[in-house]
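The next block holds one structure in the form of structure tokens; read it before the comments.
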Amino acid sequence: MPGMITDIQRFSLNDGPGIRTTVFFKGCNMKCAWCHNPETISKKNELHFYAAKCIGCGRCFEICPQKAHVIVNGVHKIDRNLCIGCGQCAETCYAEALIMSGKAVSAQDVMKEILQDKAYYQNSGGGVTISGGEVLCQKAFALEIIESCHENDINVAIETNLNGPHEAVMDLLGKTDLVMCDIKLLDDDKHKKYTGVSNSIILSNVLKLDRLGIPYIVRTPLIPGISDSNENILSITEFLKPLKHLILYELLNFNPLGAPKYASLDMQYGFGAYTPLPATRLDELQTLVKNAGLPAKIG
Amino acid sequence: MMIKFINEYPISKTFTFEERIALLRELKIKQTVEKAKTGGANEDDYGLIVQNSFEYKLKPNHENGSIYGYDAWVENYCSILESHPLYCNPLDAFVGKGFLFLERLRPAGCKWNPDYPYDDLKVLFDKYNVVSGIDNCHHFTPDLLIGFELGWGGILEKLERQKEVHDGSHLAFYDSEIAVVKAIIAFLKRMADELFELAHEEDNPTLKHNLFEMARINRKIADQAPETFREAIQWMCWFSMLSRTYNRGSAGGQLDEMLRPYYERDIENGVLAKEEAVFYLACLFLQDSRYFQLGGPDVDGKDMTSEISYLCLEAADKINIACNLTIRVHDKLDKVFYKKSVAYLFKNKQGWPRYSSDSALAEGFMKCGFSLELARKRVAAGCHWMCIPGMEYTMNDTVKINLAKVFEVSYDDMVANEPKPSAEKLYETYQKHLKLAVDATGKGIMHHLKYQTKSQPELILNLFQHGLIEKGVNITDGGANYYNMCVDGSGIAVAADSFAACQQRIDNEKRLNYQELTKHMKANYEDRDGEYIRQLMQHSERYCGGESLGDAWAIRISRLYTELVRDLNNQHPGINFIPGFFSWSNTIAFGKTVSATPNGRKNEEPINHGANPCSGFRKDGAVTAMCHAIGAIQPGYGNCAPVQLELDPGIANDDEGIEKMAAMIQTIMTTGNTLLNINIIDAKKILEAHQDPFKYPDLVVRVTGFTAFFAMLSPEFRQLVVDRVAAVNTDKT
């Protein structure tokens, strides 16, 4: 069964233990306001346009069946209402000003790339991380990759928001070597406001995951003014304290790299002026968690 | 005349070893800035001192103003030693700074003796852009243990004894070497005398005591063998200066094992403290940027890591300048030592240590017909090269064939003469031209071996070869035990990417034809649609892309190149030719001779560095993909195709990160690769330093095989390093 991915990143050092290859699934069932990978939200193919790389050859205007490439006030734009994401323009754009996000690949295609770094996984205690987007949105595809990895003695971690029906979630998690999941906000109203969904099913799944006995890491993205308060971190810490199989509570500093991607997709981004938290604040938050008796790390 | 730093501190001032190292380092950085302001250099630091107090005017023996043969080299070298001043810093443990290289005092273009021309070969060298190595010197490794055992006096006695048993045909050799060694002994005695004078002049008791000790040691080792740890290192410092002053003679050896007996004996006798030993080693690294190997297997496979291996790392950490230390990775390497070395690499971000692979190097060298024991003795000794101390003549890193230029000649030949051009036809043409280039290079090496003594005998390094003094001939005349001639290919990525681009875009996808491509290339891709076609070709499947067409072509080129170089053994029996891939700092010069290529490279742009890919080889810049591809193109006969990595310091700023990097290095070293150079560079910092090199005068980068102060590099070279850093610091998803 083919799956939709945006990218495969080899030599990934920040998506779990050891040296890993990270497979980014396309499509998510949440819509976090600060998401730094906006191209992974929609399940559909999307066209990025990086104007600075454009060499002005005009091929995209000629080839586009929808005539979605237009000049507005002397500037090359894409009419997003017309663009159907067919990718024909990107195929002719060797300057890589036009890039398609999203490609349909088989698990075998993914495995071909994964297997090239097997020696690195084995020597470093690493493996493969399936990230997103949201892995739960393509569960069957994920299971196929996990199975192939295990056949090749490769460890698999998943990064998930746990926002799915309990049975479906546990079915996948039960076959994974390590789970990394997010609790972004404990306050449900805020959670709904900033992610578009309630956190009740997520919290419930964390508790069930713990009962399953699989090792897992919980992460909180530290979004300035939204999730980086002492109150939020302490309340999540309190929620996590009774759990038995949590191996780490990781605080992820705000990632400011999303802005150019939003611009390339003509999407609005409300966090362009935000900056990562300073080291002193990160230390304070880490200390809060540690003082509560949880293993903590800044990511 | 002498450069001294006497009475610079109050009488009451006392110093810890830490303070002395810090002060010496501070002075080194200051001197580096001065050196950079006087012109800089795209090469090793050498520990050379820029000064105005001493100048030597060459005494030529040829109408072209140069010097050739035994007599002229002896006369000039001895004259230099007669007047070369002492450089002494009382804070230092050693003296031994040099001010010039005799070999570089010759007029430009007059290195090779014109009485031994090779005009027919020059035509081919120009056509294929071959650096023939003819007229180059040293680039093999002396065995300093010979000096440790005999001292200069012992070497002199040996020369005089052997002279007696030979007939007159060896007189020129013996008389020259004897004159040189006598001049060295006289020079060292003068240095010792001057040190005594300085000791009397100095008022600070700590520094006075140090100067008296230095003077005593120097008087002893002027002709006697060193007996203590400090004496042995002082002997090494002078050896460095003396060989550099002659012809920049290179290479150190297995440092930990060389010094271990002295260290252990002194510790046992209670005359040396560990802290003091670290200080001496730091001063050794300060004196010269020689290449030393640490760790690795002994002839029986047992790990050679010892306490002194750790002390070498600690000393390098304290002095923290351009150190050329290589750790030899093997399955029994002390894990704690290895981990510590990785931690230092990321802590100091100065490009040291680097790593070599015992298995890949030893297995490859054994394929040349050598024993495992000999293969293990072949230690890292230069930019990208290994050598058995005192056993080999190699011309390492001096012979280069520009594979990108050979590609250009082949491409032009094919499009001019082939009615149905294709990547396969191009490869057939490439085979023909590469053979011509390699065969000419082989003949060039033989010409060098035949006549080098008439140009420049190796009067210093000859003395540290096993059996050479006994034979009574210069090393190029049969004085070495083995002749393992290094023949490096450069520009493999440009050639492989060009083949791949032609195959993919023209043969397979039929996006354009060869005529059209040729038209665009001749216009440097600046004609109508030129940039579009350039982008099309550049974004073909590249070398290091990960099982790509470019990777497949690189393997094919490597196999062909290896086969052709190894075939030189049949053409020149008794000489062993070993292929490798390296460019040293020729990437810019080689690029200037090659016009636009099918991989989208424009006229005169630099070729790729060593065995590394061209910039932008993969969107994620994955080092694993790169190292996998470089591992696959190793020629596999004991010489190197090094990996050059540029990494961001942020990837290993905690223990977990260090663990990951240690695992990464270990994997690279066990998946076919031979040598790994790593720069840990903050992309922002290097950009700032590129704009203003003096903003970070202590910033050290690993340029190719050597480390150098960034400020010392020319703007073109700084740009190359900046480009390499940018290539692997793409924004991560």
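Going by the structure tokens order, chains are called A, B, ..., each with residues numbered from 1, while ligands are numbered from 1 in the order shown.
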Checklist entry - What residues in chain A lie within 6 Å of chain B, counting only C-alpha atoms, written as a VMD selection string? => result chain A and resid 10 to 11 18 94 to 95 120 123 to 124
Item to check | Distance query Leu172 (chain A) at most 9 Å, only C-alpha atoms, self and fewer than 3 positions along chain excluded, as a count of residues only | outcome: 10
Item to check | Contacts of Val23 (chain A) within 9 Å, only C-alpha atoms, excl. fewer than 2 positions in-chain, as an MDAnalysis selection string | outcome: chainID A and resid 5:10 21 25 110 114 128:132
Item to check | Which of B:Met669, B:Glu75, B:Leu255, B:Tyr411 sits closest to Ala119 (chain A) [using only C-alpha atoms] | outcome: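 Of B:Met669, B:Glu75, B:Leu255, B:Tyr411, the one nearest Ala119 (chain A) is B:Met669, counting only C-alpha atoms.
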Next on the checklist: Show me, as a list in words, the residues that have an atom within 9 Å of Leu145 (chain B) when counting only C-alpha atoms, minus same-chain residues fewer than 5 positions from it.
Outcome noted: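 Once the adjacent positions are removed, what remains is Leu150, Met258 and Phe464 of chain B.
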Checklist outcome for this item: Counting only C-alpha atoms, closest pick from B:Arg511, B:Lys454, B:His200, B:Arg25 relative to Thr92 (chain A) is B:Arg511
Checklist entry - Counting only C-alpha atoms, what is within 7 Å of Asp79 (chain A), bar same-chain residues fewer than 2 positions away, as a VMD selection string? => result chain A and resid 68 to 70 77 81 to 83
Output the selection as a PDB file, in the first residue's frame - all heavy atoms for each residue.
ATOM      1  N   ALA A  68      -2.210  28.335 -13.332  1.00  0.00           N
ATOM      2  CA  ALA A  68      -2.174  28.834 -11.950  1.00  0.00           C
ATOM      3  C   ALA A  68      -0.987  29.758 -11.682  1.00  0.00           C
ATOM      4  O   ALA A  68      -0.947  30.430 -10.661  1.00  0.00           O
ATOM      5  CB  ALA A  68      -2.130  27.643 -10.981  1.00  0.00           C
ATOM      6  N   HIS A  69       0.002  29.740 -12.562  1.00  0.00           N
ATOM      7  CA  HIS A  69       1.131  30.667 -12.407  1.00  0.00           C
ATOM      8  C   HIS A  69       0.744  31.997 -13.044  1.00  0.00           C
ATOM      9  O   HIS A  69       0.413  32.047 -14.228  1.00  0.00           O
ATOM     10  CB  HIS A  69       2.391  30.102 -13.065  1.00  0.00           C
ATOM     11  CG  HIS A  69       2.933  28.922 -12.331  1.00  0.00           C
ATOM     12  ND1 HIS A  69       3.869  29.017 -11.335  1.00  0.00           N
ATOM     13  CD2 HIS A  69       2.614  27.594 -12.411  1.00  0.00           C
ATOM     14  CE1 HIS A  69       4.138  27.825 -10.840  1.00  0.00           C
ATOM     15  NE2 HIS A  69       3.379  26.929 -11.482  1.00  0.00           N
ATOM     16  N   VAL A  70       0.767  33.033 -12.251  1.00  0.00           N
ATOM     17  CA  VAL A  70       0.283  34.327 -12.723  1.00  0.00           C
ATOM     18  C   VAL A  70       1.252  35.431 -12.300  1.00  0.00           C
ATOM     19  O   VAL A  70       2.089  35.241 -11.399  1.00  0.00           O
ATOM     20  CB  VAL A  70      -1.125  34.640 -12.142  1.00  0.00           C
ATOM     21  CG1 VAL A  70      -2.182  33.691 -12.715  1.00  0.00           C
ATOM     22  CG2 VAL A  70      -1.103  34.563 -10.615  1.00  0.00           C
ATOM     23  N   LYS A  77       3.305  34.862  -8.988  1.00  0.00           N
ATOM     24  CA  LYS A  77       2.516  34.297  -7.880  1.00  0.00           C
ATOM     25  C   LYS A  77       1.864  32.990  -8.338  1.00  0.00           C
ATOM     26  O   LYS A  77       1.777  32.708  -9.535  1.00  0.00           O
ATOM     27  CB  LYS A  77       1.404  35.267  -7.474  1.00  0.00           C
ATOM     28  CG  LYS A  77       1.896  36.563  -6.864  1.00  0.00           C
ATOM     29  CD  LYS A  77       2.186  36.355  -5.388  1.00  0.00           C
ATOM     30  CE  LYS A  77       2.577  37.655  -4.716  1.00  0.00           C
ATOM     31  NZ  LYS A  77       3.083  37.430  -3.366  1.00  0.00           N
ATOM     32  N   ASN A  81      -6.183  28.988  -5.760  1.00  0.00           N
ATOM     33  CA  ASN A  81      -7.525  28.483  -6.084  1.00  0.00           C
ATOM     34  C   ASN A  81      -7.510  27.637  -7.342  1.00  0.00           C
ATOM     35  O   ASN A  81      -8.332  26.748  -7.517  1.00  0.00           O
ATOM     36  CB  ASN A  81      -8.491  29.647  -6.258  1.00  0.00           C
ATOM     37  CG  ASN A  81      -8.715  30.380  -4.956  1.00  0.00           C
ATOM     38  OD1 ASN A  81      -8.799  29.738  -3.902  1.00  0.00           O
ATOM     39  ND2 ASN A  81      -8.764  31.699  -5.008  1.00  0.00           N
ATOM     40  N   LEU A  82      -6.552  27.944  -8.208  1.00  0.00           N
ATOM     41  CA  LEU A  82      -6.478  27.187  -9.458  1.00  0.00           C
ATOM     42  C   LEU A  82      -5.568  25.968  -9.355  1.00  0.00           C
ATOM     43  O   LEU A  82      -5.792  24.950 -10.007  1.00  0.00           O
ATOM     44  CB  LEU A  82      -5.969  28.104 -10.588  1.00  0.00           C
ATOM     45  CG  LEU A  82      -6.885  29.273 -10.991  1.00  0.00           C
ATOM     46  CD1 LEU A  82      -6.199  30.136 -12.050  1.00  0.00           C
ATOM     47  CD2 LEU A  82      -8.214  28.743 -11.531  1.00  0.00           C
ATOM     48  N   CYS A  83      -4.516  26.083  -8.542  1.00  0.00           N
ATOM     49  CA  CYS A  83      -3.514  25.003  -8.460  1.00  0.00           C
ATOM     50  C   CYS A  83      -4.148  23.718  -7.920  1.00  0.00           C
ATOM     51  O   CYS A  83      -4.833  23.725  -6.893  1.00  0.00           O
ATOM     52  CB  CYS A  83      -2.369  25.426  -7.543  1.00  0.00           C
ATOM     53  SG  CYS A  83      -1.099  24.169  -7.354  1.00  0.00           S
TER      54      CYS A  83
END
Next on the checklist: as a list in words, please: the residues near Ser235 (chain A) (cut-off 8 Å, only C-alpha atoms, same-chain neighbours under 4 positions excluded).
Outcome noted: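 The residues that qualify are Leu186, Glu231 and Phe239 of chain A.
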The selected residues should be written to file as an mmCIF file, in the first residue's frame (atoms: C-alpha atoms).
data_model
loop_
_atom_site.group_PDB
_atom_site.id
_atom_site.type_symbol
_atom_site.label_atom_id
_atom_site.label_comp_id
_atom_site.auth_asym_id
_atom_site.auth_seq_id
_atom_site.Cartn_x
_atom_site.Cartn_y
_atom_site.Cartn_z
ATOM 1 C CA LEU A 186 -3.047 20.370 29.869
ATOM 2 C CA GLU A 231 1.655 26.333 35.333
ATOM 3 C CA PHE A 239 -0.167 14.246 35.289
#
Checklist entry - Which of these, A:Cys64, A:Ile226, A:Val72, A:Ile202, has the shortest distance to Glu91 (chain A) once you count only C-alpha atoms? => result A:Cys64
Next on the checklist: I want to know what sits within 6 Å of region 455-462 of chain B, based on only C-alpha atoms, with residues of the same chain fewer than 2 positions away left out; could you give that as a ChimeraX atom specification?
Outcome noted: /B:68-69,112-113,142,243,452-453,464-465
Any chance you could export the current selection's all heavy atoms as an mmCIF file, in the first residue's frame?
data_model
loop_
_atom_site.group_PDB
_atom_site.id
_atom_site.type_symbol
_atom_site.label_atom_id
_atom_site.label_comp_id
_atom_site.auth_asym_id
_atom_site.auth_seq_id
_atom_site.Cartn_x
_atom_site.Cartn_y
_atom_site.Cartn_z
ATOM 1 N N TYR B 68 71.498 22.819 -7.478
ATOM 2 C CA TYR B 68 71.249 21.425 -7.873
ATOM 3 C C TYR B 68 72.370 20.524 -7.381
ATOM 4 O O TYR B 68 73.550 20.905 -7.429
ATOM 5 C CB TYR B 68 71.152 21.323 -9.403
ATOM 6 C CG TYR B 68 70.054 22.186 -9.983
ATOM 7 C CD1 TYR B 68 70.359 23.302 -10.749
ATOM 8 C CD2 TYR B 68 68.710 21.892 -9.747
ATOM 9 C CE1 TYR B 68 69.353 24.108 -11.281
ATOM 10 C CE2 TYR B 68 67.701 22.702 -10.264
ATOM 11 C CZ TYR B 68 68.033 23.809 -11.025
ATOM 12 O OH TYR B 68 67.048 24.600 -11.530
ATOM 13 N N GLY B 69 71.997 19.341 -6.966
ATOM 14 C CA GLY B 69 72.988 18.330 -6.620
ATOM 15 C C GLY B 69 73.560 18.480 -5.215
ATOM 16 O O GLY B 69 73.262 19.425 -4.489
ATOM 17 N N TRP B 112 63.583 21.948 -10.748
ATOM 18 C CA TRP B 112 64.140 20.754 -11.400
ATOM 19 C C TRP B 112 65.374 21.123 -12.208
ATOM 20 O O TRP B 112 65.380 22.140 -12.898
ATOM 21 C CB TRP B 112 63.080 20.133 -12.311
ATOM 22 C CG TRP B 112 63.505 18.812 -12.890
ATOM 23 C CD1 TRP B 112 63.821 18.557 -14.195
ATOM 24 C CD2 TRP B 112 63.674 17.585 -12.193
ATOM 25 N NE1 TRP B 112 64.174 17.245 -14.350
ATOM 26 C CE2 TRP B 112 64.092 16.612 -13.126
ATOM 27 C CE3 TRP B 112 63.526 17.198 -10.853
ATOM 28 C CZ2 TRP B 112 64.342 15.287 -12.777
ATOM 29 C CZ3 TRP B 112 63.787 15.878 -10.505
ATOM 30 C CH2 TRP B 112 64.184 14.937 -11.456
ATOM 31 N N ASN B 113 66.363 20.286 -12.108
ATOM 32 C CA ASN B 113 67.607 20.519 -12.837
ATOM 33 C C ASN B 113 67.337 20.474 -14.340
ATOM 34 O O ASN B 113 66.944 19.433 -14.875
ATOM 35 C CB ASN B 113 68.620 19.441 -12.434
ATOM 36 C CG ASN B 113 70.001 19.743 -12.948
ATOM 37 O OD1 ASN B 113 70.158 20.415 -13.972
ATOM 38 N ND2 ASN B 113 71.002 19.256 -12.232
ATOM 39 N N PRO B 142 60.540 9.653 8.033
ATOM 40 C CA PRO B 142 61.777 9.188 8.657
ATOM 41 C C PRO B 142 61.458 8.376 9.910
ATOM 42 O O PRO B 142 60.385 8.558 10.493
ATOM 43 C CB PRO B 142 62.470 10.502 9.038
ATOM 44 C CG PRO B 142 61.327 11.450 9.283
ATOM 45 C CD PRO B 142 60.228 11.053 8.335
ATOM 46 N N SER B 243 64.951 19.558 9.555
ATOM 47 C CA SER B 243 64.418 18.998 8.304
ATOM 48 C C SER B 243 63.530 20.012 7.585
ATOM 49 O O SER B 243 63.521 20.095 6.363
ATOM 50 C CB SER B 243 63.656 17.694 8.562
ATOM 51 O OG SER B 243 62.535 17.928 9.357
ATOM 52 N N GLN B 452 66.358 12.720 -9.478
ATOM 53 C CA GLN B 452 66.105 13.631 -8.355
ATOM 54 C C GLN B 452 67.379 13.974 -7.591
ATOM 55 O O GLN B 452 67.549 15.094 -7.115
ATOM 56 C CB GLN B 452 65.049 13.013 -7.398
ATOM 57 C CG GLN B 452 64.850 13.735 -6.071
ATOM 58 C CD GLN B 452 64.159 15.093 -6.190
ATOM 59 O OE1 GLN B 452 64.050 15.641 -7.287
ATOM 60 N NE2 GLN B 452 63.704 15.630 -5.073
ATOM 61 N N THR B 453 68.294 13.020 -7.480
ATOM 62 C CA THR B 453 69.544 13.301 -6.763
ATOM 63 C C THR B 453 70.300 14.452 -7.426
ATOM 64 O O THR B 453 70.975 15.231 -6.747
ATOM 65 C CB THR B 453 70.423 12.037 -6.724
ATOM 66 O OG1 THR B 453 69.641 10.973 -6.172
ATOM 67 C CG2 THR B 453 71.665 12.239 -5.856
ATOM 68 N N PHE B 464 67.568 8.879 8.337
ATOM 69 C CA PHE B 464 66.614 8.171 9.215
ATOM 70 C C PHE B 464 65.863 7.071 8.469
ATOM 71 O O PHE B 464 64.704 6.817 8.716
ATOM 72 C CB PHE B 464 65.667 9.208 9.856
ATOM 73 C CG PHE B 464 66.427 10.250 10.605
ATOM 74 C CD1 PHE B 464 66.781 11.446 10.000
ATOM 75 C CD2 PHE B 464 66.879 9.995 11.892
ATOM 76 C CE1 PHE B 464 67.539 12.395 10.672
ATOM 77 C CE2 PHE B 464 67.640 10.933 12.569
ATOM 78 C CZ PHE B 464 67.981 12.136 11.969
ATOM 79 N N GLN B 465 66.589 6.455 7.524
ATOM 80 C CA GLN B 465 66.054 5.308 6.785
ATOM 81 C C GLN B 465 66.841 4.062 7.186
ATOM 82 O O GLN B 465 68.070 4.128 7.332
ATOM 83 C CB GLN B 465 66.194 5.533 5.271
ATOM 84 C CG GLN B 465 65.413 6.714 4.749
ATOM 85 C CD GLN B 465 63.920 6.533 4.927
ATOM 86 O OE1 GLN B 465 63.367 5.488 4.590
ATOM 87 N NE2 GLN B 465 63.257 7.542 5.461
#
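Put simply, CA of Gly47 (chain B) is 8.9 Å away from CA of Arg290 (chain B).
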Next on the checklist: Can you pull out every residue from region 69-296 of chain A that DSSP, working from the backbone, puts in strand (DSSP E), and format the result as a PyMOL selection string?
Outcome noted: chain A and resi 69-72+75-78+98-101+103-105+127-131+156-160+178-182+216-222+246-253+296
Next on the checklist: Let's see if you can do this: from backbone DSSP, list all helix (DSSP H, G or I) residues in region 24-245 of chain A, as number ranges by chain.
Outcome noted: A: 38-40, 51-53, 59-63, 88-92, 107-115, 118-124, 135-151, 166-173, 188-195, 200-212, 230-240
Next on the checklist: One number please: CA of Gln691 (chain B) to CA of Val722 (chain B), in Å, one decimal.
Outcome noted: 10.9 Å
Item to check | Residue nearest Gly299 (chain A) - candidates A:Pro221, A:Pro260, A:Gly133, A:Gly87, atoms counted: only C-alpha atoms | outcome: A:Pro221
Checklist entry - Which of these, A:Glu62, A:Asp210, A:Glu46, A:Asp228, has the shortest distance to Leu246 (chain A) once you count only C-alpha atoms? => result A:Asp210
